[in-house]
>>> print(open('target27.txt').read())   # compact mmCIF, C-alpha atoms and all ligand atoms
# COMPACT_ATOMS: atom_id res chain seq x y z
CA MET A 1491 -101.99 -154.68 2.35
CA ALA A 1492 -98.53 -156.09 2.64
CA PHE A 1493 -96.55 -155.55 5.78
CA LYS A 1494 -95.21 -152.00 5.67
CA GLY A 1495 -92.11 -152.47 7.80
CA ASN A 1496 -92.37 -149.33 9.90
CA ILE A 1497 -91.29 -150.92 13.19
CA THR A 1498 -87.62 -150.62 14.09
CA PRO A 1499 -85.90 -154.01 13.95
CA PHE A 1500 -84.51 -155.45 17.20
CA GLU A 1501 -80.82 -154.87 17.66
CA LYS A 1502 -80.41 -158.32 19.14
CA LYS A 1503 -82.33 -161.11 17.42
CA VAL A 1504 -85.39 -162.48 19.22
CA TRP A 1505 -85.24 -166.24 18.73
CA LEU A 1506 -88.00 -168.79 18.37
CA ALA A 1507 -86.77 -170.63 21.48
CA SER A 1508 -83.15 -170.34 22.57
CA PRO A 1509 -81.29 -171.69 25.63
CA THR A 1510 -81.91 -169.79 28.88
CA MET A 1511 -79.07 -170.28 31.34
CA HIS A 1512 -79.09 -169.37 35.02
CA GLY A 1513 -75.59 -169.84 36.44
CA GLU A 1514 -75.90 -173.18 38.22
CA GLU A 1515 -75.16 -174.91 34.92
CA ILE A 1516 -71.58 -173.65 34.73
CA GLN A 1517 -70.92 -174.69 38.33
CA PHE A 1518 -71.84 -178.30 37.61
CA VAL A 1519 -69.79 -178.22 34.40
CA GLN A 1520 -66.88 -176.75 36.38
CA GLU A 1521 -67.25 -179.50 38.97
CA ALA A 1522 -67.06 -182.13 36.23
CA TYR A 1523 -63.91 -180.46 34.95
CA GLU A 1524 -62.22 -180.09 38.32
CA THR A 1525 -62.95 -183.64 39.40
CA ASN A 1526 -61.91 -184.84 35.92
CA TRP A 1527 -65.16 -186.67 35.22
CA MET A 1528 -64.93 -185.48 31.60
CA SER A 1529 -66.57 -188.63 30.36
CA THR A 1530 -69.83 -190.49 29.97
CA VAL A 1531 -69.82 -191.44 33.63
CA GLY A 1532 -70.02 -189.16 36.66
CA LYS A 1533 -72.11 -187.53 39.30
CA ASN A 1534 -73.97 -185.13 36.99
CA ILE A 1535 -75.32 -188.06 34.98
CA ASN A 1536 -76.48 -189.90 38.09
CA GLU A 1537 -78.09 -186.73 39.44
CA VAL A 1538 -80.00 -185.81 36.26
CA GLU A 1539 -81.38 -189.32 36.03
CA LYS A 1540 -82.62 -188.99 39.61
CA LEU A 1541 -84.05 -185.52 38.96
CA ALA A 1542 -85.94 -186.73 35.89
CA CYS A 1543 -87.44 -189.70 37.76
CA GLU A 1544 -88.54 -187.44 40.61
CA TYR A 1545 -89.98 -184.69 38.45
CA ILE A 1546 -91.72 -186.81 35.86
CA GLY A 1547 -92.63 -189.67 38.13
CA CYS A 1548 -91.09 -192.71 36.52
CA LYS A 1549 -88.99 -195.50 37.99
CA TYR A 1550 -86.04 -195.45 35.60
CA ALA A 1551 -84.25 -192.84 33.52
CA VAL A 1552 -81.22 -193.30 31.27
CA ALA A 1553 -79.39 -190.18 30.12
CA LEU A 1554 -78.43 -190.30 26.43
CA SER A 1555 -76.70 -188.18 23.82
CA ALA A 1556 -80.03 -187.13 22.24
CA GLY A 1557 -83.76 -187.63 22.34
CA THR A 1558 -83.38 -189.28 18.94
CA ALA A 1559 -81.07 -191.90 20.48
CA SER A 1560 -83.74 -192.69 23.06
CA LEU A 1561 -86.38 -193.01 20.35
CA HIS A 1562 -84.07 -195.33 18.42
CA LEU A 1563 -83.50 -197.63 21.38
CA SER A 1564 -87.24 -197.46 22.14
CA ALA A 1565 -87.95 -198.60 18.59
CA LYS A 1566 -85.53 -201.47 19.11
CA LEU A 1567 -87.09 -202.49 22.43
CA ALA A 1568 -90.64 -202.32 21.07
CA GLY A 1569 -89.63 -204.21 17.94
CA ILE A 1570 -87.97 -207.03 19.88
CA GLU A 1571 -90.92 -207.27 22.23
CA ALA A 1572 -93.41 -207.48 19.38
CA TYR A 1573 -91.42 -209.51 16.85
CA GLY A 1574 -88.42 -211.13 18.52
CA VAL A 1575 -84.67 -210.67 18.33
CA PRO A 1576 -83.45 -209.93 14.78
CA GLU A 1577 -80.36 -211.33 13.06
CA VAL A 1578 -77.34 -209.09 13.54
CA GLY A 1579 -77.38 -206.43 10.85
CA HIS A 1580 -81.17 -206.41 10.68
CA GLY A 1581 -83.41 -204.03 12.57
CA ALA A 1582 -85.96 -205.32 15.02
CA LEU A 1583 -88.74 -203.82 12.91
CA GLU A 1584 -87.56 -205.14 9.55
CA GLY A 1585 -90.50 -204.85 7.17
CA LYS A 1586 -93.00 -204.11 9.96
CA LYS A 1587 -95.49 -201.25 9.90
CA VAL A 1588 -95.56 -198.85 12.85
CA PHE A 1589 -98.27 -196.23 13.47
CA CYS A 1590 -96.94 -192.77 14.21
CA SER A 1591 -97.77 -189.09 14.58
CA ASP A 1592 -97.80 -187.23 11.28
CA LEU A 1593 -97.60 -183.59 12.36
CA THR A 1594 -94.24 -183.70 14.16
CA PHE A 1595 -90.49 -183.29 13.80
CA ASP A 1596 -88.94 -186.08 11.75
CA ALA A 1597 -86.93 -187.23 14.78
CA THR A 1598 -90.13 -188.90 16.03
CA VAL A 1599 -90.30 -191.05 12.93
CA ASN A 1600 -86.77 -191.66 11.59
CA PRO A 1601 -85.85 -194.14 14.38
CA ILE A 1602 -88.57 -196.48 13.10
CA VAL A 1603 -86.75 -196.53 9.78
CA TYR A 1604 -83.33 -197.03 11.44
CA GLU A 1605 -84.77 -200.34 12.64
CA GLY A 1606 -86.16 -201.27 9.22
CA GLY A 1607 -89.77 -200.39 10.05
CA ILE A 1608 -92.33 -198.69 7.82
CA PRO A 1609 -93.97 -195.61 9.36
CA VAL A 1610 -97.72 -195.42 8.79
CA PHE A 1611 -98.77 -191.84 9.43
CA ILE A 1612 -101.90 -191.08 11.42
CA ASP A 1613 -103.66 -187.78 10.73
CA THR A 1614 -104.10 -185.04 13.32
CA GLU A 1615 -107.17 -183.83 15.25
CA ARG A 1616 -108.02 -180.16 15.73
CA GLU A 1617 -108.54 -180.05 19.50
CA SER A 1618 -104.90 -180.59 20.45
CA TRP A 1619 -103.11 -180.81 17.06
CA ASN A 1620 -101.97 -184.32 17.94
CA MET A 1621 -102.66 -187.85 16.70
CA ASP A 1622 -106.36 -188.31 15.93
CA PRO A 1623 -107.75 -191.27 17.92
CA VAL A 1624 -110.45 -191.79 15.28
CA ALA A 1625 -107.81 -192.12 12.57
CA LEU A 1626 -105.76 -194.40 14.86
CA GLU A 1627 -108.72 -196.74 15.34
CA LYS A 1628 -109.21 -196.72 11.57
CA ALA A 1629 -105.54 -197.62 11.12
CA PHE A 1630 -105.95 -200.69 13.35
CA GLU A 1631 -108.92 -201.76 11.21
CA ILE A 1632 -106.82 -201.46 8.06
CA TYR A 1633 -103.65 -202.97 9.55
CA PRO A 1634 -104.80 -205.20 12.44
CA ASP A 1635 -101.35 -206.77 12.84
CA VAL A 1636 -99.58 -203.56 13.85
CA ARG A 1637 -98.33 -203.65 17.45
CA ILE A 1638 -96.48 -200.36 17.96
CA VAL A 1639 -97.57 -196.70 18.13
CA PHE A 1640 -95.15 -193.74 18.19
CA LEU A 1641 -96.86 -190.63 19.55
CA ALA A 1642 -95.53 -187.06 19.95
CA HIS A 1643 -97.12 -184.20 21.92
CA LEU A 1644 -96.89 -181.24 19.55
CA TYR A 1645 -95.42 -177.97 20.82
CA GLY A 1646 -95.91 -179.06 24.43
CA THR A 1647 -99.63 -179.80 24.35
CA PRO A 1648 -100.62 -183.32 25.43
CA ALA A 1649 -102.52 -185.56 23.01
CA LYS A 1650 -105.94 -187.08 23.84
CA MET A 1651 -104.38 -189.75 25.99
CA ASP A 1652 -107.55 -191.39 27.35
CA GLU A 1653 -108.83 -192.14 23.88
CA ILE A 1654 -105.40 -193.07 22.51
CA MET A 1655 -104.57 -195.40 25.43
CA SER A 1656 -107.87 -197.21 25.25
CA ILE A 1657 -107.34 -197.92 21.54
CA ILE A 1658 -103.75 -199.02 22.14
CA ASN A 1659 -104.78 -201.30 25.01
CA LYS A 1660 -107.68 -202.76 23.04
CA HIS A 1661 -105.29 -203.76 20.26
CA HIS A 1662 -102.58 -204.97 22.66
CA ALA A 1663 -100.11 -202.52 21.16
CA ILE A 1664 -97.05 -200.86 22.71
CA LEU A 1665 -96.91 -197.07 23.06
CA VAL A 1666 -93.60 -195.31 22.45
CA GLU A 1667 -94.08 -191.78 23.71
CA ASP A 1668 -92.13 -188.82 22.35
CA ALA A 1669 -92.35 -186.11 25.02
CA ALA A 1670 -89.36 -184.22 23.59
CA GLU A 1671 -91.39 -181.02 23.21
CA SER A 1672 -93.69 -181.49 26.17
CA MET A 1673 -91.52 -182.06 29.22
CA GLY A 1674 -93.42 -180.85 32.28
CA ALA A 1675 -96.81 -180.85 30.54
CA THR A 1676 -99.61 -182.85 32.15
CA TYR A 1677 -102.77 -184.57 30.95
CA LYS A 1678 -105.34 -184.92 33.75
CA GLY A 1679 -102.52 -184.27 36.18
CA ILE A 1680 -100.26 -186.96 34.74
CA GLN A 1681 -96.91 -186.03 33.22
CA THR A 1682 -96.30 -186.69 29.54
CA GLY A 1683 -93.43 -189.15 29.24
CA THR A 1684 -95.16 -191.63 31.56
CA PHE A 1685 -97.93 -192.94 29.30
CA GLY A 1686 -95.75 -195.04 27.03
CA LYS A 1687 -93.94 -198.23 27.91
CA TYR A 1688 -90.85 -196.48 26.49
CA ASN A 1689 -90.64 -192.71 26.71
CA THR A 1690 -88.36 -189.93 25.53
CA ILE A 1691 -87.53 -186.40 26.62
CA SER A 1692 -84.99 -184.11 24.94
CA PHE A 1693 -82.46 -181.51 26.09
CA ASN A 1694 -81.81 -180.16 22.60
CA GLY A 1695 -80.86 -176.47 22.56
CA ASN A 1696 -84.32 -175.13 21.83
CA LYS A 1697 -86.34 -177.31 24.21
CA ILE A 1698 -87.98 -176.12 27.45
CA ILE A 1699 -84.77 -176.95 29.35
CA THR A 1700 -81.53 -177.85 27.64
CA GLY A 1701 -78.10 -179.38 28.03
CA SER A 1702 -77.07 -177.85 24.66
CA ALA A 1703 -77.85 -181.39 23.48
CA GLY A 1704 -78.92 -184.61 25.13
CA GLY A 1705 -81.98 -186.69 25.77
CA MET A 1706 -83.34 -189.25 28.15
CA PHE A 1707 -85.06 -192.61 28.04
CA LEU A 1708 -87.80 -193.03 30.67
CA SER A 1709 -89.59 -196.21 31.68
CA ASP A 1710 -91.09 -198.07 34.61
CA ASN A 1711 -89.63 -201.27 33.21
CA GLU A 1712 -86.32 -202.20 34.81
CA ASP A 1713 -85.24 -204.68 32.12
CA ALA A 1714 -85.84 -202.06 29.44
CA ALA A 1715 -83.82 -199.44 31.31
CA ASN A 1716 -80.96 -201.92 31.81
CA LYS A 1717 -81.01 -202.79 28.11
CA VAL A 1718 -80.87 -199.13 27.12
CA ARG A 1719 -78.00 -198.52 29.54
CA LYS A 1720 -76.10 -201.46 28.03
CA TRP A 1721 -76.87 -200.78 24.36
CA SER A 1722 -76.02 -197.09 24.74
CA THR A 1723 -72.51 -197.94 25.95
CA GLN A 1724 -71.57 -200.34 23.10
CA ALA A 1725 -73.28 -203.39 24.64
CA ARG A 1726 -70.37 -204.75 26.65
CA GLU A 1727 -70.98 -207.99 28.47
CA ASN A 1728 -69.80 -208.56 32.02
CA ALA A 1729 -66.49 -210.25 31.13
CA PRO A 1730 -62.77 -209.55 31.69
CA TRP A 1731 -62.37 -208.40 28.05
CA TYR A 1732 -64.58 -206.56 25.57
CA GLN A 1733 -67.17 -209.23 25.01
CA HIS A 1734 -70.02 -208.46 22.62
CA GLU A 1735 -73.16 -210.56 22.25
CA GLU A 1736 -75.49 -207.79 21.08
CA LEU A 1737 -75.25 -204.80 18.76
CA GLY A 1738 -74.09 -201.73 20.65
CA TYR A 1739 -74.33 -197.95 20.22
CA ASN A 1740 -72.41 -194.94 21.51
CA TYR A 1741 -75.44 -193.09 22.82
CA ARG A 1742 -74.59 -192.22 26.45
CA MET A 1743 -74.81 -188.64 27.71
CA SER A 1744 -71.59 -186.82 28.57
CA ASN A 1745 -71.10 -185.82 32.20
CA VAL A 1746 -70.37 -182.27 30.99
CA ILE A 1747 -73.71 -182.02 29.18
CA ALA A 1748 -75.37 -183.58 32.23
CA GLY A 1749 -73.94 -180.72 34.30
CA VAL A 1750 -75.84 -178.22 32.16
CA VAL A 1751 -79.05 -180.25 32.39
CA ARG A 1752 -78.59 -180.57 36.16
CA GLY A 1753 -78.40 -176.78 36.48
CA GLN A 1754 -81.50 -176.34 34.32
CA PHE A 1755 -83.82 -178.77 36.10
CA PRO A 1756 -84.64 -176.47 39.04
CA HIS A 1757 -85.78 -173.86 36.47
CA LEU A 1758 -88.19 -176.06 34.54
CA ASP A 1759 -91.33 -174.76 36.27
CA GLU A 1760 -90.12 -171.18 35.89
CA HIS A 1761 -89.56 -171.73 32.16
CA ILE A 1762 -93.05 -173.17 31.80
CA ALA A 1763 -94.52 -170.13 33.61
CA GLN A 1764 -92.61 -167.79 31.27
CA LYS A 1765 -93.81 -169.68 28.20
CA LYS A 1766 -97.38 -169.59 29.47
CA ALA A 1767 -97.15 -165.83 29.98
CA ILE A 1768 -95.92 -165.49 26.38
CA TYR A 1769 -98.89 -167.51 25.13
CA MET A 1770 -101.33 -165.39 27.17
CA ARG A 1771 -99.85 -162.13 25.89
CA TYR A 1772 -100.17 -163.30 22.28
CA LYS A 1773 -103.73 -164.39 23.00
CA GLU A 1774 -104.64 -160.95 24.31
CA GLY A 1775 -102.62 -159.00 21.75
CA LEU A 1776 -103.93 -160.87 18.71
CA LYS A 1777 -107.52 -161.27 19.86
CA ASP A 1778 -109.02 -158.97 17.22
CA LEU A 1779 -107.37 -160.77 14.30
CA PRO A 1780 -108.99 -163.58 12.28
CA ILE A 1781 -106.66 -166.16 13.86
CA THR A 1782 -106.67 -168.60 16.77
CA LEU A 1783 -103.73 -169.80 18.79
CA ASN A 1784 -102.76 -173.45 19.07
CA PRO A 1785 -105.55 -175.04 21.12
CA ILE A 1786 -105.36 -175.82 24.84
CA PRO A 1787 -107.70 -178.74 25.51
CA ASP A 1788 -109.55 -179.12 28.81
CA ASN A 1789 -107.80 -181.32 31.34
CA THR A 1790 -104.36 -180.45 30.07
CA ASN A 1791 -101.58 -178.25 31.39
CA PRO A 1792 -99.26 -177.75 28.42
CA ASN A 1793 -95.71 -176.52 28.89
CA TYR A 1794 -96.45 -173.85 26.23
CA TRP A 1795 -93.12 -174.57 24.53
CA LEU A 1796 -94.06 -172.75 21.31
CA THR A 1797 -97.01 -170.45 20.77
CA SER A 1798 -98.47 -170.93 17.29
CA LEU A 1799 -101.38 -169.42 15.47
CA ILE A 1800 -103.66 -170.58 12.68
CA ILE A 1801 -105.30 -168.12 10.30
CA ASP A 1802 -109.05 -168.41 9.66
CA GLU A 1803 -109.74 -169.98 6.28
CA THR A 1804 -111.60 -166.88 5.16
CA ALA A 1805 -108.65 -164.64 6.09
CA MET A 1806 -106.00 -166.48 4.09
CA CYS A 1807 -104.46 -164.58 1.20
CA LYS A 1808 -103.20 -166.64 -1.70
CA GLN A 1809 -100.10 -168.63 -0.71
CA VAL A 1810 -98.38 -171.32 -2.75
CA ARG A 1811 -95.63 -173.55 -1.46
CA GLY A 1812 -93.41 -175.69 -3.66
CA GLU A 1813 -90.94 -178.21 -2.24
CA ARG A 1814 -88.41 -175.52 -1.34
CA ASP A 1815 -89.92 -172.19 -2.30
CA PHE A 1816 -93.08 -170.18 -1.88
CA ALA A 1817 -95.04 -167.21 -3.16
CA TYR A 1818 -97.99 -165.24 -1.82
CA ILE A 1819 -100.12 -162.32 -2.88
CA PRO A 1820 -100.73 -159.79 -0.08
CA GLU A 1821 -104.37 -158.85 0.24
CA GLU A 1822 -106.23 -156.34 2.39
CA GLY A 1823 -107.66 -157.85 5.56
CA LYS A 1824 -105.91 -161.16 4.87
CA SER A 1825 -102.54 -162.79 5.40
CA CYS A 1826 -100.76 -166.14 5.28
CA PRO A 1827 -98.00 -167.89 7.25
CA GLN A 1828 -95.22 -166.95 4.82
CA GLU A 1829 -96.21 -163.27 4.95
CA ILE A 1830 -96.23 -163.36 8.75
CA LEU A 1831 -92.83 -165.10 8.79
CA ASP A 1832 -91.44 -162.42 6.45
CA ALA A 1833 -92.85 -159.68 8.68
CA ILE A 1834 -91.42 -161.25 11.83
CA SER A 1835 -87.99 -161.68 10.28
CA SER A 1836 -88.04 -158.10 8.96
CA ILE A 1837 -87.75 -156.89 12.56
CA ASN A 1838 -85.00 -159.40 13.37
CA ALA A 1839 -87.12 -162.00 15.13
CA GLU A 1840 -87.51 -165.69 14.36
CA GLY A 1841 -90.75 -167.49 13.61
CA ARG A 1842 -91.09 -170.91 12.00
CA PRO A 1843 -93.57 -172.73 9.80
CA ILE A 1844 -95.56 -175.49 11.49
CA TRP A 1845 -93.77 -178.85 11.11
CA LYS A 1846 -94.44 -179.97 7.56
CA PRO A 1847 -96.43 -183.18 8.01
CA MET A 1848 -94.45 -186.38 7.51
CA HIS A 1849 -96.83 -187.68 4.83
CA MET A 1850 -96.00 -184.60 2.73
CA GLN A 1851 -92.24 -185.15 3.01
CA PRO A 1852 -90.56 -186.50 -0.13
CA ILE A 1853 -88.80 -189.31 1.77
CA TYR A 1854 -92.10 -190.53 3.25
CA ARG A 1855 -94.49 -189.73 0.44
CA LEU A 1856 -95.08 -193.37 -0.48
CA ASN A 1857 -95.80 -194.44 3.10
CA PRO A 1858 -99.40 -195.12 4.08
CA PHE A 1859 -101.26 -192.21 5.63
CA ILE A 1860 -104.53 -192.66 7.49
CA VAL A 1861 -107.19 -189.97 7.86
CA ARG A 1862 -110.41 -190.33 9.84
CA ASP A 1863 -112.72 -190.25 6.79
CA GLY A 1864 -110.45 -191.94 4.30
CA ASN A 1865 -110.38 -195.60 3.36
CA GLY A 1866 -106.66 -196.21 3.43
CA ARG A 1867 -104.26 -193.89 1.78
CA ALA A 1868 -105.06 -190.21 1.37
CA ARG A 1869 -103.37 -188.47 -1.49
CA THR A 1870 -101.06 -185.66 -0.53
CA ASN A 1871 -102.45 -183.48 -3.30
CA ALA A 1872 -106.02 -183.76 -2.04
CA TYR A 1873 -106.12 -180.03 -1.34
CA ILE A 1874 -105.08 -179.13 -4.88
CA ASP A 1875 -107.71 -181.54 -6.24
CA GLY A 1876 -110.35 -179.40 -4.61
CA SER A 1877 -111.26 -181.94 -1.95
CA SER A 1878 -110.57 -180.90 1.62
CA ALA A 1879 -107.05 -181.10 2.95
CA ASP A 1880 -106.23 -183.56 5.69
CA VAL A 1881 -105.99 -181.88 9.07
CA GLY A 1882 -102.17 -181.94 9.29
CA MET A 1883 -101.77 -180.35 5.87
CA ASP A 1884 -104.39 -177.75 6.71
CA ILE A 1885 -102.60 -176.74 9.93
CA PHE A 1886 -99.32 -176.58 8.01
CA ASN A 1887 -100.92 -174.40 5.32
CA ARG A 1888 -102.55 -171.93 7.68
CA GLY A 1889 -100.39 -172.13 10.82
CA VAL A 1890 -97.18 -170.51 12.00
CA CYS A 1891 -94.98 -170.76 15.13
CA LEU A 1892 -94.34 -167.41 16.80
CA PRO A 1893 -91.20 -166.21 18.58
CA SER A 1894 -91.53 -167.89 21.99
CA ASP A 1895 -88.20 -167.24 23.65
CA ASN A 1896 -88.19 -167.05 27.47
CA LYS A 1897 -85.98 -163.99 27.36
CA MET A 1898 -88.21 -161.99 25.00
CA THR A 1899 -89.32 -158.81 26.81
CA GLU A 1900 -92.92 -157.61 26.88
CA ASP A 1901 -91.92 -154.66 24.76
CA GLN A 1902 -90.36 -156.94 22.16
CA GLN A 1903 -93.41 -159.17 22.15
CA ASN A 1904 -95.68 -156.14 21.72
CA ARG A 1905 -93.70 -155.10 18.68
CA ILE A 1906 -93.98 -158.61 17.24
CA ILE A 1907 -97.73 -158.43 17.83
CA GLU A 1908 -97.80 -155.11 15.97
CA VAL A 1909 -96.08 -156.51 12.88
CA ILE A 1910 -98.43 -159.49 12.84
CA LYS A 1911 -101.39 -157.13 13.02
CA ALA A 1912 -99.95 -155.07 10.16
CA CYS A 1913 -100.00 -158.19 7.96
CA PHE A 1914 -103.80 -158.10 8.09
CA ASN A 1915 -104.11 -154.38 7.30
C1 LIG B 2001 -86.50 -182.21 19.50
C2 LIG B 2001 -87.36 -183.35 19.16
C3 LIG B 2001 -86.86 -184.66 19.13
C4 LIG B 2001 -85.41 -185.00 19.12
O1 LIG B 2001 -84.68 -184.67 20.18
P1 LIG B 2001 -83.09 -184.53 20.02
O2 LIG B 2001 -82.68 -184.48 21.44
O3 LIG B 2001 -82.85 -183.28 19.27
O4 LIG B 2001 -82.58 -185.73 19.32
C5 LIG B 2001 -87.73 -185.70 18.93
N1 LIG B 2001 -89.03 -185.48 18.72
C6 LIG B 2001 -89.55 -184.25 18.71
C7 LIG B 2001 -91.01 -184.11 18.50
C8 LIG B 2001 -88.74 -183.14 18.91
O5 LIG B 2001 -89.25 -181.91 18.85
>>> encode(input="target27.txt", output="structure tokens")
Amino acid sequence: MAFKGNITPFEKKVWLASPTMHGEEIQFVQEAYETNWMSTVGKNINEVEKLACEYIGCKYAVALSAGTASLHLSAKLAGIEAYGVPEVGHGALEGKKVFCSDLTFDATVNPIVYEGGIPVFIDTERESWNMDPVALEKAFEIYPDVRIVFLAHLYGTPAKMDEIMSIINKHHAILVEDAAESMGATYKGIQTGTFGKYNTISFNGNKIITGSAGGMFLSDNEDAANKVRKWSTQARENAPWYQHEELGYNYRMSNVIAGVVRGQFPHLDEHIAQKKAIYMRYKEGLKDLPITLNPIPDNTNPNYWLTSLIIDETAMCKQVRGERDFAYIPEEGKSCPQEILDAISSINAEGRPIWKPMHMQPIYRLNPFIVRDGNGRARTNAYIDGSSADVGMDIFNRGVCLPSDNKMTEDQQNRIIEVIKACFN
């Protein structure tokens, strides 16, 4: 049966993941204001860089305007290291293929294209919903000249880093790590954001801690950190006038934003604990349904940024998605992501589809896509052909992100659980 809508909607919307402020933030912002460091220099910036190094365990951190800016400068660094300095006006990756996560936000991937590179998407494995090491190894067989891998940790769950790192090291490649969603998560006790040579975290408004916006470049490499610091402030040389010998960017974090981030840092562990409690409550509340939550592999401590579920294949009602629209046919005992999203929004809460895989996106549809069993390019319409879908497409088809806001009360979450259950009635 379709969702019947007999639960009273929330008066105040329950968000997927919204900023959770604590009070210290405004004090650091106030301090920036009163001392007039309303700029891209100041104490808040210095402090958040220190806090990030301490918490995550890296030598250098450079605060930037966005995680995307950090990924862009990482792409540039990796490109120059692998292929040399480009002519001005050309990207460091001009015409070069780069392996990257497929089931992720497009901010992981776009920076490769900013630099002229060609993303080659690597399919996903089922144990962590991250880059499949088997498909990555296959990709190196098909494209042995590739030297750079961009990897994201989906929804705060670390990828299979032992396997991934051994493949990357074997092929003498550079890892660019996108820990935007996974700050504070660990793999075998090691923080995400420390595995790559160049690493990124994000303070975007819906991340585990936020500055309203902002991001950070992390590395143990001093030259790289100095380059990012220079490039992000328009690449001025040390000269009496504005002397430019390299292409610059306006990517530095504002000291006002840094004040918000500074106030959030002490609450990171608390946010992770809240997110974990949300995951556990969904796990308990939904345990009788034909679904599973996003997997938690052994040896990992995720930050539980977003709880997601995937519906058993046998419990999927008919759902069709076009490029921008969808339809489904409600069926007794069955449901589908779009029905669950409709049900959640009918009580004034916010869910979200799983990230639509990059290889299914119109702008990237002609890019190579590597699956573990394929021999090169997998067709995006494989599922429609009757052959099995690739893993990323399958998770997108059957999965959905649930409201995971820190401030959601137990009562609210119980009501969300009830409407999800009703979808399967
Ligand atoms: C949020 C996010 C980013 C981008 O971070 P911004 O700070 O918003 O630029 C990059 N990658 C992933 C996987 C993200 O979720």
>>> closest_residue(input="target27.txt", among="A:Ile1638, A:Val1575, A:Ile1762, A:Val1750", to="A:Glu1671", atoms="only C-alpha atoms")
A:Ile1762
>>> residues_near_ligand(input="target27.txt", ligand="ligand LIG 2001 (chain B)", cutoff="9 Å", atoms="only C-alpha atoms and all ligand atoms", output="PyMOL selection string")
chain A and resi 1554-1561+1594-1599+1641-1645+1668-1672+1690-1697+1703-1706
>>> residues_around(input="target27.txt", residues="A:Thr1510", least_positions_apart="6", cutoff="9 Å", atoms="all atoms listed in the file", output="list in words")
Ile1698, Ile1699, Thr1700, Gln1754, His1761, Asp1895, Asn1896 and Lys1897 of chain A
>>> residues_around(input="target27.txt", residues="A:Met1883", least_positions_apart="3", cutoff="9 Å", atoms="only C-alpha atoms", output="number ranges by chain")
A: 1593, 1846-1847, 1849-1850, 1870, 1873, 1879-1880, 1886-1888
>>> residues_around(input="target27.txt", residues="A:Cys1807", least_positions_apart="6", cutoff="9 Å", atoms="all atoms listed in the file", output="compact mmCIF listing (two decimals) with C-alpha atoms, in the coordinates of the input")
# COMPACT_ATOMS: atom_id res chain seq x y z
CA TYR A 1818 -97.99 -165.24 -1.82
CA ILE A 1819 -100.12 -162.32 -2.88
CA PRO A 1820 -100.73 -159.79 -0.08
CA GLU A 1821 -104.37 -158.85 0.24
CA GLU A 1822 -106.23 -156.34 2.39
CA GLY A 1823 -107.66 -157.85 5.56
CA LYS A 1824 -105.91 -161.16 4.87
CA SER A 1825 -102.54 -162.79 5.40
CA CYS A 1826 -100.76 -166.14 5.28
>>> residues_near_point(input="target27.txt", point="(-97.0, -159.4, 22.2)", cutoff="9 Å", atoms="all atoms listed in the file", output="list in words")
Ile1768, Tyr1769, Met1770, Arg1771, Tyr1772, Lys1773, Glu1774, Gly1775, Leu1776, Thr1899, Glu1900, Asp1901, Gln1902, Gln1903, Asn1904, Arg1905, Ile1906, Ile1907 and Glu1908 of chain A
>>> residues_near_point(input="target27.txt", point="(-80.5, -165.1, 19.9)", cutoff="12 Å", atoms="only C-alpha atoms", output="PyMOL selection string")
chain A and resi 1500-1510+1695-1696+1838-1840+1893-1898
>>> write_last_selection(input="target27.txt", atoms="C-alpha atoms", output="short mmCIF file (atom, residue, chain, number, x, y, z; two decimals), in the coordinates of the input")
data_model
loop_
_atom_site.label_atom_id
_atom_site.label_comp_id
_atom_site.auth_asym_id
_atom_site.auth_seq_id
_atom_site.Cartn_x
_atom_site.Cartn_y
_atom_site.Cartn_z
CA PHE A 1500 -84.51 -155.45 17.20
CA GLU A 1501 -80.82 -154.87 17.66
CA LYS A 1502 -80.41 -158.32 19.14
CA LYS A 1503 -82.33 -161.11 17.42
CA VAL A 1504 -85.39 -162.48 19.22
CA TRP A 1505 -85.24 -166.24 18.73
CA LEU A 1506 -88.00 -168.79 18.37
CA ALA A 1507 -86.77 -170.63 21.48
CA SER A 1508 -83.15 -170.34 22.57
CA PRO A 1509 -81.29 -171.69 25.63
CA THR A 1510 -81.91 -169.79 28.88
CA GLY A 1695 -80.86 -176.47 22.56
CA ASN A 1696 -84.32 -175.13 21.83
CA ASN A 1838 -85.00 -159.40 13.37
CA ALA A 1839 -87.12 -162.00 15.13
CA GLU A 1840 -87.51 -165.69 14.36
CA PRO A 1893 -91.20 -166.21 18.58
CA SER A 1894 -91.53 -167.89 21.99
CA ASP A 1895 -88.20 -167.24 23.65
CA ASN A 1896 -88.19 -167.05 27.47
CA LYS A 1897 -85.98 -163.99 27.36
CA MET A 1898 -88.21 -161.99 25.00
#
